[in-house]
$ cat model.cif   # mmCIF, C-alpha atoms
data_structure
#
loop_
_atom_site.label_atom_id
_atom_site.label_comp_id
_atom_site.auth_asym_id
_atom_site.auth_seq_id
_atom_site.Cartn_x
_atom_site.Cartn_y
_atom_site.Cartn_z
CA MET A 1 -98.65 122.39 93.71
CA ILE A 2 -94.91 121.89 93.54
CA THR A 3 -93.56 118.35 93.82
CA LEU A 4 -93.04 117.98 97.55
CA LEU A 5 -91.60 114.48 97.98
CA SER A 6 -88.98 112.71 95.87
CA HIS A 7 -88.71 109.17 97.24
CA LEU A 8 -88.75 106.81 100.20
CA SER A 9 -85.39 107.20 101.95
CA TYR A 10 -85.54 104.78 104.88
CA VAL A 11 -87.83 102.61 106.96
CA ALA A 12 -87.43 102.22 110.72
CA LEU A 13 -88.76 98.99 112.21
CA VAL A 14 -89.34 97.71 115.73
CA SER A 15 -88.04 94.27 116.69
CA PRO A 16 -88.30 92.38 120.00
CA ASP A 17 -84.78 91.01 119.36
CA VAL A 18 -82.70 93.66 117.64
CA GLU A 19 -79.55 91.55 117.41
CA ALA A 20 -81.37 88.61 115.82
CA SER A 21 -82.95 90.91 113.22
CA VAL A 22 -79.68 92.70 112.47
CA ASP A 23 -77.81 89.41 112.14
CA PHE A 24 -80.46 88.22 109.67
CA TYR A 25 -80.26 91.36 107.54
CA VAL A 26 -76.47 91.26 107.43
CA LYS A 27 -75.83 87.55 106.95
CA LYS A 28 -78.89 86.36 105.03
CA VAL A 29 -80.16 89.45 103.21
CA GLY A 30 -76.77 91.02 102.48
CA LEU A 31 -77.08 94.45 104.09
CA THR A 32 -74.18 96.33 105.72
CA GLU A 33 -74.31 97.70 109.26
CA VAL A 34 -73.03 101.28 109.28
CA ALA A 35 -73.88 102.77 112.68
CA ARG A 36 -75.37 102.31 116.13
CA LYS A 37 -76.80 105.24 118.04
CA ASP A 38 -79.30 105.64 120.89
CA GLY A 39 -80.28 101.97 120.74
CA ARG A 40 -80.89 102.00 116.99
CA VAL A 41 -78.95 100.03 114.39
CA TYR A 42 -78.52 101.56 110.93
CA LEU A 43 -78.19 99.32 107.86
CA ARG A 44 -77.74 99.92 104.14
CA CYS A 45 -78.23 98.07 100.87
CA TRP A 46 -75.15 98.01 98.67
CA GLY A 47 -76.70 100.44 96.16
CA ASP A 48 -78.14 102.99 98.60
CA TYR A 49 -76.97 106.53 97.84
CA TYR A 50 -77.48 107.73 101.41
CA THR A 51 -75.96 106.38 104.62
CA TYR A 52 -78.77 103.94 105.43
CA SER A 53 -82.19 102.76 104.33
CA LEU A 54 -83.18 100.47 107.22
CA VAL A 55 -83.19 101.20 110.96
CA ILE A 56 -83.91 98.61 113.64
CA GLU A 57 -84.90 99.58 117.18
CA HIS A 58 -86.16 97.60 120.17
CA GLY A 59 -89.80 97.10 121.06
CA GLU A 60 -92.12 94.45 122.43
CA GLU A 61 -93.60 93.46 119.06
CA PRO A 62 -92.74 93.90 115.38
CA ALA A 63 -94.03 97.21 114.06
CA LEU A 64 -93.29 100.23 111.91
CA ALA A 65 -91.46 102.95 113.87
CA THR A 66 -91.48 105.44 110.99
CA MET A 67 -91.23 105.69 107.22
CA ALA A 68 -88.99 108.48 105.96
CA TRP A 69 -89.28 110.46 102.73
CA ARG A 70 -86.83 112.89 101.24
CA THR A 71 -88.40 116.07 99.91
CA SER A 72 -87.57 117.58 96.53
CA SER A 73 -85.90 120.65 98.07
CA ALA A 74 -85.45 122.57 101.31
CA GLU A 75 -88.37 124.78 100.28
CA ALA A 76 -90.51 121.70 99.63
CA LEU A 77 -89.85 120.50 103.18
CA GLU A 78 -91.18 123.77 104.61
CA GLU A 79 -94.18 123.67 102.27
CA ALA A 80 -94.95 120.06 103.18
CA VAL A 81 -94.90 120.86 106.89
CA SER A 82 -97.18 123.87 106.32
CA ARG A 83 -99.66 121.69 104.47
CA ILE A 84 -99.58 118.97 107.13
CA GLU A 85 -100.26 121.46 109.92
CA ALA A 86 -102.95 123.22 107.87
CA ALA A 87 -104.65 119.81 107.62
CA GLY A 88 -104.82 119.67 111.42
CA VAL A 89 -101.82 117.45 112.15
CA THR A 90 -98.93 118.65 114.30
CA GLY A 91 -95.52 116.99 114.39
CA GLU A 92 -92.11 117.92 115.73
CA TRP A 93 -88.69 118.83 114.37
CA PHE A 94 -85.58 116.83 115.27
CA ASP A 95 -82.01 116.27 114.09
CA GLY A 96 -81.54 112.82 112.55
CA LEU A 97 -78.43 110.82 111.83
CA ASP A 98 -77.01 112.08 108.52
CA ILE A 99 -80.35 113.66 107.56
CA GLY A 100 -80.09 116.87 109.56
CA ARG A 101 -83.24 118.81 110.38
CA ALA A 102 -86.26 116.55 109.93
CA TYR A 103 -89.97 116.67 110.69
CA GLN A 104 -91.86 113.71 112.15
CA PHE A 105 -95.63 113.47 112.41
CA VAL A 106 -98.33 110.85 112.86
CA GLY A 107 -100.91 110.80 110.07
CA PRO A 108 -104.68 110.39 110.46
CA TRP A 109 -104.46 106.58 110.41
CA GLY A 110 -101.71 106.40 113.03
CA HIS A 111 -98.59 105.99 110.89
CA SER A 112 -95.42 107.85 111.78
CA MET A 113 -93.84 109.63 108.82
CA THR A 114 -90.53 111.51 108.72
CA LEU A 115 -89.73 114.18 106.15
CA HIS A 116 -86.24 115.56 105.46
CA TRP A 117 -84.28 117.36 102.79
CA ASP A 118 -80.69 117.15 103.98
CA ALA A 119 -79.06 113.76 103.40
CA ARG A 120 -75.46 112.65 103.45
CA HIS A 121 -74.49 111.25 100.06
CA PHE A 122 -72.63 108.14 101.12
CA ARG A 123 -69.70 106.33 99.54
CA PHE A 124 -67.07 103.91 100.80
CA GLU A 125 -63.91 105.57 99.48
CA GLU A 126 -61.56 102.76 100.46
CA GLY A 127 -61.43 99.37 102.15
CA GLU A 128 -63.31 96.14 101.53
CA HIS A 129 -66.58 97.88 100.61
CA ALA A 130 -65.15 100.35 98.07
CA SER A 131 -66.40 99.81 94.50
CA VAL A 132 -64.47 100.22 91.25
CA PHE A 133 -67.66 101.66 89.73
CA PRO A 134 -67.55 105.45 90.27
CA ASP A 135 -71.35 105.68 90.44
CA ARG A 136 -71.73 102.92 93.03
CA PRO A 137 -71.53 103.97 96.67
CA GLN A 138 -70.46 100.48 97.68
CA LYS A 139 -69.20 97.22 96.24
CA ARG A 140 -71.91 94.69 95.44
CA SER A 141 -72.75 92.50 98.44
CA LYS A 142 -71.14 89.09 98.59
CA VAL A 143 -74.51 87.59 99.61
CA ALA A 144 -76.11 86.17 96.46
CA GLY A 145 -79.22 88.08 95.45
CA ALA A 146 -78.68 90.88 97.96
CA PRO A 147 -80.99 93.86 97.30
CA ARG A 148 -79.65 96.98 95.65
CA TYR A 149 -82.14 99.44 97.16
CA LEU A 150 -85.05 99.89 99.50
CA ASP A 151 -88.15 99.96 97.28
CA HIS A 152 -91.45 100.60 99.07
CA VAL A 153 -93.54 100.14 102.19
CA THR A 154 -97.14 98.90 102.44
CA ILE A 155 -99.21 100.01 105.41
CA CYS A 156 -102.72 99.19 106.68
CA ALA A 157 -105.66 101.58 106.98
CA SER A 158 -109.32 101.29 107.88
CA ASP A 159 -110.30 103.31 104.79
CA VAL A 160 -108.02 102.66 101.81
CA ASP A 161 -109.47 105.34 99.53
CA ALA A 162 -109.55 108.03 102.22
CA PHE A 163 -105.92 107.33 103.13
CA ALA A 164 -104.85 107.66 99.50
CA GLU A 165 -106.86 110.85 99.04
CA TRP A 166 -105.49 112.53 102.20
CA TYR A 167 -101.87 111.84 101.30
CA SER A 168 -102.54 112.89 97.71
CA GLU A 169 -104.20 116.17 98.67
CA VAL A 170 -101.78 117.10 101.47
CA LEU A 171 -98.43 115.77 100.23
CA GLY A 172 -98.94 115.31 96.50
CA TYR A 173 -98.76 111.51 96.17
CA ARG A 174 -100.09 110.27 92.83
CA ILE A 175 -102.84 107.65 93.15
CA MET A 176 -101.95 104.92 90.63
CA ALA A 177 -104.47 102.07 91.04
CA ARG A 178 -106.77 100.33 93.47
CA THR A 179 -108.50 96.97 93.94
CA VAL A 180 -112.15 96.55 94.94
CA LEU A 181 -114.09 93.43 95.88
CA GLU A 182 -116.21 91.64 93.32
CA ASP A 183 -119.63 92.14 94.85
CA VAL A 184 -119.35 95.40 96.80
CA PRO A 185 -117.47 98.63 96.01
CA LEU A 186 -115.07 98.20 98.91
CA SER A 187 -111.46 99.14 98.28
CA VAL A 188 -109.07 96.59 99.74
CA PHE A 189 -105.81 97.83 98.22
CA SER A 190 -104.38 100.95 96.63
CA VAL A 191 -100.97 102.13 95.46
CA ILE A 192 -99.66 105.69 95.54
CA THR A 193 -96.30 107.12 94.52
CA THR A 194 -94.06 110.16 94.79
CA ASN A 195 -92.30 109.52 91.48
CA GLU A 196 -92.44 107.43 88.28
CA LYS A 197 -92.70 104.05 90.04
CA SER A 198 -96.04 102.28 90.21
CA HIS A 199 -95.84 102.79 93.96
CA ASP A 200 -93.55 103.50 96.84
CA LEU A 201 -96.44 103.43 99.31
CA GLY A 202 -99.10 100.72 99.33
CA ILE A 203 -102.31 100.66 101.39
CA VAL A 204 -104.18 97.50 102.41
CA LEU A 205 -107.55 97.34 104.15
CA ASP A 206 -107.42 96.95 107.93
CA GLY A 207 -110.53 96.25 109.96
CA SER A 208 -108.69 95.92 113.27
CA SER A 209 -108.87 98.34 116.18
CA ARG A 210 -105.11 99.03 116.05
CA SER A 211 -103.90 101.99 114.05
CA GLY A 212 -100.55 102.56 112.39
CA ARG A 213 -99.99 98.97 111.29
CA VAL A 214 -97.74 97.80 108.47
CA ASN A 215 -98.10 94.78 106.19
CA HIS A 216 -94.59 94.68 104.70
CA PHE A 217 -91.71 96.63 103.29
CA ALA A 218 -89.80 95.82 100.11
CA PHE A 219 -86.30 95.67 98.69
CA TRP A 220 -85.34 95.93 95.01
CA VAL A 221 -83.00 93.78 92.93
CA ASP A 222 -81.91 94.57 89.36
CA THR A 223 -83.33 91.53 87.57
CA ARG A 224 -85.79 88.67 87.97
CA GLU A 225 -82.84 86.27 87.76
CA GLU A 226 -81.32 87.91 90.83
CA MET A 227 -84.63 87.59 92.65
CA LEU A 228 -84.70 83.87 91.87
CA ILE A 229 -81.10 83.53 93.04
CA ALA A 230 -82.07 85.33 96.26
CA ALA A 231 -84.96 82.89 96.73
CA ASP A 232 -82.59 79.98 96.24
CA THR A 233 -80.08 81.44 98.69
CA LEU A 234 -82.75 82.10 101.31
CA ILE A 235 -84.12 78.56 101.04
CA GLU A 236 -80.61 77.14 101.40
CA ASP A 237 -80.26 79.26 104.56
CA GLY A 238 -83.45 77.78 106.02
CA VAL A 239 -85.68 80.79 105.33
CA HIS A 240 -89.29 79.97 104.40
CA ILE A 241 -90.63 81.70 101.28
CA GLU A 242 -94.13 82.81 102.28
CA TYR A 243 -95.38 83.43 98.74
CA GLY A 244 -93.95 83.66 95.23
CA PRO A 245 -92.03 84.05 93.07
CA THR A 246 -94.77 85.37 90.80
CA ILE A 247 -95.94 88.70 89.32
CA HIS A 248 -98.31 91.38 90.60
CA GLY A 249 -101.01 92.59 88.24
CA ILE A 250 -100.94 96.09 89.71
CA GLY A 251 -97.42 97.42 89.16
CA GLU A 252 -96.37 94.33 87.17
CA GLN A 253 -93.41 93.57 89.45
CA SER A 254 -91.98 90.11 89.94
CA PHE A 255 -91.96 89.43 93.66
CA LEU A 256 -91.65 87.06 96.59
CA TYR A 257 -92.34 87.37 100.32
CA TYR A 258 -90.45 86.02 103.31
CA ARG A 259 -90.09 86.83 107.02
CA GLU A 260 -87.25 87.95 109.27
CA PRO A 261 -86.84 86.63 112.86
CA SER A 262 -89.22 89.21 114.37
CA THR A 263 -91.85 87.84 111.88
CA MET A 264 -91.86 91.16 109.97
CA ARG A 265 -92.64 90.49 106.31
CA ILE A 266 -90.11 91.41 103.63
CA GLU A 267 -90.90 91.62 99.94
CA LEU A 268 -88.20 91.27 97.31
CA ASN A 269 -89.20 92.61 93.91
CA THR A 270 -87.99 93.76 90.52
CA GLY A 271 -89.31 94.89 87.16
CA GLY A 272 -92.63 96.64 86.73
CA TYR A 273 -93.54 99.69 84.71
CA ARG A 274 -92.54 103.34 85.00
CA ASN A 275 -95.28 105.96 84.68
CA TYR A 276 -94.42 109.59 83.93
CA VAL A 277 -97.97 110.72 83.05
CA PRO A 278 -98.73 113.82 85.18
CA ASP A 279 -102.51 113.54 84.75
CA TRP A 280 -102.74 109.77 85.14
CA GLU A 281 -106.23 108.45 85.90
CA PRO A 282 -106.00 105.49 88.30
CA ASN A 283 -107.60 102.23 87.20
CA THR A 284 -109.88 100.19 89.43
CA TRP A 285 -109.18 96.45 89.45
CA LYS A 286 -111.43 93.65 90.63
CA THR A 287 -109.86 90.84 92.65
CA SER A 288 -110.70 88.39 89.84
CA GLN A 289 -108.44 90.30 87.43
CA GLY A 290 -105.32 89.23 89.27
CA SER A 291 -104.32 92.54 90.80
CA TYR A 292 -102.29 90.63 93.36
CA ASP A 293 -101.08 87.70 91.23
CA ILE A 294 -101.63 88.17 87.51
CA TYR A 295 -101.14 84.47 86.72
CA GLN A 296 -103.92 83.44 89.14
CA ASN A 297 -102.67 79.86 89.17
CA GLY A 298 -101.94 79.57 92.87
CA THR A 299 -103.81 80.40 96.05
CA MET A 300 -102.61 83.37 98.08
CA HIS A 301 -101.60 82.25 101.54
CA ALA A 302 -103.97 83.44 104.27
CA SER A 303 -100.90 84.40 106.31
CA LEU A 304 -100.30 87.31 103.93
CA SER A 305 -103.21 89.16 105.55
CA GLU A 306 -101.25 89.28 108.81
CA SER A 307 -100.00 92.77 109.59
CA PHE A 308 -97.90 94.27 112.34
CA PRO A 309 -98.35 94.65 115.23
CA LEU A 310 -100.77 91.74 115.36
CA THR A 311 -104.15 92.38 116.97
CA ASP A 312 -105.21 90.79 120.23
CA GLY A 313 -108.23 88.94 118.83
CA PRO A 314 -108.59 85.27 117.86
CA SER A 315 -106.51 84.05 114.94
CA ALA A 316 -109.48 83.93 112.52
CA THR A 317 -109.86 87.71 112.69
CA GLU A 318 -106.44 88.55 114.08
CA GLU A 319 -105.32 90.41 110.99
CA GLY A 320 -108.28 92.79 111.07
CA ILE A 321 -109.83 91.45 107.87
CA THR A 322 -113.16 89.63 107.97
CA GLU A 323 -113.34 86.06 106.71
CA GLU A 324 -115.57 87.18 103.81
CA VAL A 325 -113.06 89.78 102.62
CA ARG A 326 -110.15 87.42 103.09
CA ASP A 327 -111.92 84.67 101.14
CA GLN A 328 -112.48 87.05 98.19
CA LEU A 329 -108.82 88.12 98.25
CA VAL A 330 -107.65 84.51 98.32
CA ALA A 331 -110.09 83.48 95.58
CA GLY A 332 -108.98 86.39 93.44
CA SER A 333 -105.39 85.14 93.44
CA SER A 334 -106.25 81.73 92.04
CA SER A 335 -107.84 80.35 88.90
CA ASP A 336 -110.74 78.86 90.87
CA ARG A 337 -113.00 81.90 90.82
#
$ encode --input "model.cif" --output "structure tokens"
Amino acid sequence: MITLLSHLSYVALVSPDVEASVDFYVKKVGLTEVARKDGRVYLRCWGDYYTYSLVIEHGEEPALATMAWRTSSAEALEEAVSRIEAAGVTGEWFDGLDIGRAYQFVGPWGHSMTLHWDARHFRFEEGEHASVFPDRPQKRSKVAGAPRYLDHVTICASDVDAFAEWYSEVLGYRIMARTVLEDVPLSVFSVITTNEKSHDLGIVLDGSSRSGRVNHFAFWVDTREEMLIAADTLIEDGVHIEYGPTIHGIGEQSFLYYREPSTMRIELNTGGYRNYVPDWEPNTWKTSQGSYDIYQNGTMHASLSESFPLTDGPSATEEGITEEVRDQLVAGSSSDR
């Protein structure tokens, strides 16, 4: 099969207060607002090569509106759509802002995905945002530790392995690794990718009755030092760091998590390995090996199992993960195992 997808191009999120979210991303994260159209606000990181990588639209609760992927060619877009529809899923074509003809569908686990080939290659040619670096589309943000790019998105599914297999078979994602519980062969996390990164799409176990949920999305900074500066800047701005800084075992990225006003979780990460092996065989991790936090010297916050939209059940099971599973995930992130 030809390589169908090249990379994650943008994430569209739902926020109950669009202006509060946009203000946060501009003033505290360091993104630039570039457009408003049909109730949506389009934002970009300073290193993004296309017009935008984050879209905010209004809704009653924080959620994922869609995750968009650029294909490897115009022909690959047509092939991808053929494969999706042959697998029994039907979407629709539309014209998107600066992405032209695009195809949007809802996958078997309820997640909206947008595929496109056309993309405007963006650059500020003059003015306050113009960079002296010819290869940079924009001057570095003045917000300390501002992300350079959008990095990945992590969604929730009731069957982690089946999700990874469907997207691998239909759209050609490479399955890179997974985590199973200690005592039962239940997959609670997996990472898949369209390129050489350890992942640009993560999958976490979801036992809730709501489909299409998302756990977080992630930005990228160039160095661990910048990530630490970003953490410092966020704390000074009154933003709570939910977890980190530390290092994932799977992927080996340095990371931290925090929330925006809608409560949507943001990950900031850097580092990690690059994997170009075309016949890579994914490894299976146990929670005790530190797949989430390789140092295992701190307890993972229970709040990290919250995903969006939240479920309607009591708080103990609100995130769709049973207490037994959550306890094993938490135990696996600490040295007390």
$ residues_around --input "model.cif" --residues "range 274-278 of chain A" --least-positions-apart "3" --cutoff "10 Å" --atoms "all atoms listed in the file" --output "ChimeraX atom specification"
/A:174,176,193,195-199,251,271,281
$ resolve_selection --input "model.cif" --expression "the PyMOL selection byres ((chain A and resi 81-90) around 10)" --output "list of chain:residue names"
A:Leu4, A:Ala76, A:Leu77, A:Glu78, A:Glu79, A:Ala80, A:Gly91, A:Glu92, A:Trp93, A:Tyr103, A:Gln104, A:Phe105, A:Val106, A:Gly107, A:Pro108, A:Leu115, A:Trp166, A:Tyr167, A:Glu169, A:Val170, A:Leu171
$ residues_around --input "model.cif" --residues "Met227 in chain A" --least-positions-apart "3" --cutoff "9 Å" --atoms "only C-alpha atoms" --output "ChimeraX atom specification"
/A:145-147,220-224,230-232,245,254-256,268-270
$ closest_residue --input "model.cif" --among "A:Thr154, A:Thr287, A:Thr66, A:Gln253" --to "Leu201 in chain A" --atoms "all atoms listed in the file"
A:Thr154
$ axis_aligned_box --input "model.cif" --around "range 13-19 of chain A" --padding-each-side "8 Å" --output "JSON"
{"center_x": -84.4, "center_y": 95.0, "center_z": 116.1, "size_x": 25.8, "size_y": 24.0, "size_z": 23.8}
$ residues_around --input "model.cif" --residues "Ala130 in chain A" --least-positions-apart "5" --cutoff "12 Å" --atoms "all atoms listed in the file" --output "PDB file with C-alpha atoms, in the frame of the given file"
ATOM      1  CA  TRP A  46     -75.150  98.010  98.670  1.00  0.00           C
ATOM      2  CA  GLY A  47     -76.700 100.440  96.160  1.00  0.00           C
ATOM      3  CA  PHE A 122     -72.630 108.140 101.120  1.00  0.00           C
ATOM      4  CA  ARG A 123     -69.700 106.330  99.540  1.00  0.00           C
ATOM      5  CA  PHE A 124     -67.070 103.910 100.800  1.00  0.00           C
ATOM      6  CA  GLU A 125     -63.910 105.570  99.480  1.00  0.00           C
ATOM      7  CA  ASP A 135     -71.350 105.680  90.440  1.00  0.00           C
ATOM      8  CA  ARG A 136     -71.730 102.920  93.030  1.00  0.00           C
ATOM      9  CA  PRO A 137     -71.530 103.970  96.670  1.00  0.00           C
ATOM     10  CA  GLN A 138     -70.460 100.480  97.680  1.00  0.00           C
ATOM     11  CA  LYS A 139     -69.200  97.220  96.240  1.00  0.00           C
ATOM     12  CA  ARG A 140     -71.910  94.690  95.440  1.00  0.00           C
ATOM     13  CA  SER A 141     -72.750  92.500  98.440  1.00  0.00           C
TER      14      SER A 141
END
$ atom_distance --input "model.cif" --atom1 "CA of Phe24 in chain A" --atom2 "CA of Pro261 in chain A"
7.3 Å
$ closest_residue --input "model.cif" --among "A:Arg213, A:Arg265, A:His152, A:Lys286" --to "Ala177 in chain A" --atoms "only C-alpha atoms"
A:Lys286
$ residues_around --input "model.cif" --residues "Val34 in chain A" --least-positions-apart "3" --cutoff "9 Å" --atoms "only C-alpha atoms" --output "compact mmCIF listing (two decimals) with C-alpha atoms, in the coordinates of the input"
# COMPACT_ATOMS: atom_id res chain seq x y z
CA VAL A 41 -78.95 100.03 114.39
CA TYR A 42 -78.52 101.56 110.93
CA LEU A 43 -78.19 99.32 107.86
CA ARG A 44 -77.74 99.92 104.14
CA THR A 51 -75.96 106.38 104.62
CA TYR A 52 -78.77 103.94 105.43
$ closest_atom_pairs --input "model.cif" --of "range 97-174 of chain A" --to "range 178-189 of chain A" --cutoff "8 Å" --atoms "all atoms listed in the file" --output "CSV"
residue,atom,partner,partner_atom,distance
A:Asp159,CA,A:Ser187,CA,7.8
A:Val160,CA,A:Ser187,CA,6.1
A:Asp161,CA,A:Ser187,CA,6.6
$ closest_residue --input "model.cif" --among "A:Glu19, A:Ile99, A:Met113, A:Ile192" --to "Tyr173 in chain A" --atoms "all atoms listed in the file"
A:Ile192
$ closest_residue --input "model.cif" --among "A:Glu75, A:Ser190, A:Lys27, A:Ile247" --to "Glu165 in chain A" --atoms "all atoms listed in the file"
A:Ser190
$ resolve_selection --input "model.cif" --expression "the PyMOL selection byres ((chain A and resi 31) around 7)" --output "mmCIF file with C-alpha atoms, in the coordinates of the input"
data_model
loop_
_atom_site.group_PDB
_atom_site.id
_atom_site.type_symbol
_atom_site.label_atom_id
_atom_site.label_comp_id
_atom_site.auth_asym_id
_atom_site.auth_seq_id
_atom_site.Cartn_x
_atom_site.Cartn_y
_atom_site.Cartn_z
ATOM 1 C CA TYR A 25 -80.260 91.360 107.540
ATOM 2 C CA VAL A 26 -76.470 91.260 107.430
ATOM 3 C CA VAL A 29 -80.160 89.450 103.210
ATOM 4 C CA GLY A 30 -76.770 91.020 102.480
ATOM 5 C CA THR A 32 -74.180 96.330 105.720
ATOM 6 C CA GLU A 33 -74.310 97.700 109.260
ATOM 7 C CA LEU A 43 -78.190 99.320 107.860
ATOM 8 C CA ARG A 44 -77.740 99.920 104.140
ATOM 9 C CA CYS A 45 -78.230 98.070 100.870
ATOM 10 C CA TRP A 46 -75.150 98.010 98.670
#
$ resolve_selection --input "model.cif" --expression "the PyMOL selection byres ((chain A and resi 212) around 8)" --output "compact mmCIF listing (two decimals) with C-alpha atoms, in the coordinates of the input"
# COMPACT_ATOMS: atom_id res chain seq x y z
CA LEU A 64 -93.29 100.23 111.91
CA TRP A 109 -104.46 106.58 110.41
CA GLY A 110 -101.71 106.40 113.03
CA HIS A 111 -98.59 105.99 110.89
CA SER A 112 -95.42 107.85 111.78
CA ILE A 155 -99.21 100.01 105.41
CA CYS A 156 -102.72 99.19 106.68
CA ALA A 157 -105.66 101.58 106.98
CA ARG A 210 -105.11 99.03 116.05
CA SER A 211 -103.90 101.99 114.05
CA ARG A 213 -99.99 98.97 111.29
CA VAL A 214 -97.74 97.80 108.47
$ atom_distance --input "model.cif" --atom1 "CA of Ala35 in chain A" --atom2 "CA of Gly96 in chain A"
12.6 Å
$ atom_distance --input "model.cif" --atom1 "CA of Asn215 in chain A" --atom2 "CA of Leu310 in chain A"
10.0 Å
$ residues_around --input "model.cif" --residues "Ala12 in chain A" --least-positions-apart "5" --cutoff "7 Å" --atoms "all atoms listed in the file" --output "list in words"
Leu54, Val55, Ile56, Leu64, Ala65, Thr66 and Met67 of chain A
$ decode --input "model.cif" --residues "range 59-70 of chain A" --atoms "N, CA and C atoms" --output "PDB file, in the first residue's frame"
ATOM      1  N   GLY A  59     -19.306  25.113  21.687  1.00  0.00           N
ATOM      2  CA  GLY A  59     -20.147  23.978  22.026  1.00  0.00           C
ATOM      3  C   GLY A  59     -20.402  23.964  23.514  1.00  0.00           C
ATOM      4  N   GLU A  60     -21.294  23.115  23.958  1.00  0.00           N
ATOM      5  CA  GLU A  60     -21.700  23.114  25.361  1.00  0.00           C
ATOM      6  C   GLU A  60     -20.648  22.549  26.296  1.00  0.00           C
ATOM      7  N   GLU A  61     -19.761  21.701  25.799  1.00  0.00           N
ATOM      8  CA  GLU A  61     -18.753  21.070  26.643  1.00  0.00           C
ATOM      9  C   GLU A  61     -17.480  20.842  25.836  1.00  0.00           C
ATOM     10  N   PRO A  62     -16.327  20.810  26.506  1.00  0.00           N
ATOM     11  CA  PRO A  62     -15.072  20.604  25.776  1.00  0.00           C
ATOM     12  C   PRO A  62     -15.071  19.255  25.079  1.00  0.00           C
ATOM     13  N   ALA A  63     -14.602  19.259  23.834  1.00  0.00           N
ATOM     14  CA  ALA A  63     -14.624  18.030  23.041  1.00  0.00           C
ATOM     15  C   ALA A  63     -13.723  18.196  21.826  1.00  0.00           C
ATOM     16  N   LEU A  64     -13.514  17.102  21.128  1.00  0.00           N
ATOM     17  CA  LEU A  64     -12.804  17.116  19.853  1.00  0.00           C
ATOM     18  C   LEU A  64     -13.822  17.285  18.746  1.00  0.00           C
ATOM     19  N   ALA A  65     -13.679  18.345  17.927  1.00  0.00           N
ATOM     20  CA  ALA A  65     -14.557  18.526  16.770  1.00  0.00           C
ATOM     21  C   ALA A  65     -14.065  17.674  15.607  1.00  0.00           C
ATOM     22  N   THR A  66     -12.777  17.748  15.307  1.00  0.00           N
ATOM     23  CA  THR A  66     -12.170  16.879  14.301  1.00  0.00           C
ATOM     24  C   THR A  66     -10.663  16.927  14.434  1.00  0.00           C
ATOM     25  N   MET A  67      -9.998  15.896  13.943  1.00  0.00           N
ATOM     26  CA  MET A  67      -8.539  15.895  13.823  1.00  0.00           C
ATOM     27  C   MET A  67      -8.229  15.756  12.343  1.00  0.00           C
ATOM     28  N   ALA A  68      -7.362  16.615  11.827  1.00  0.00           N
ATOM     29  CA  ALA A  68      -7.129  16.675  10.391  1.00  0.00           C
ATOM     30  C   ALA A  68      -5.738  16.175  10.034  1.00  0.00           C
ATOM     31  N   TRP A  69      -5.655  15.437   8.933  1.00  0.00           N
ATOM     32  CA  TRP A  69      -4.407  14.834   8.482  1.00  0.00           C
ATOM     33  C   TRP A  69      -4.193  15.173   7.018  1.00  0.00           C
ATOM     34  N   ARG A  70      -2.992  15.613   6.697  1.00  0.00           N
ATOM     35  CA  ARG A  70      -2.666  15.856   5.304  1.00  0.00           C
ATOM     36  C   ARG A  70      -2.196  14.549   4.676  1.00  0.00           C
TER      37      ARG A  70
END
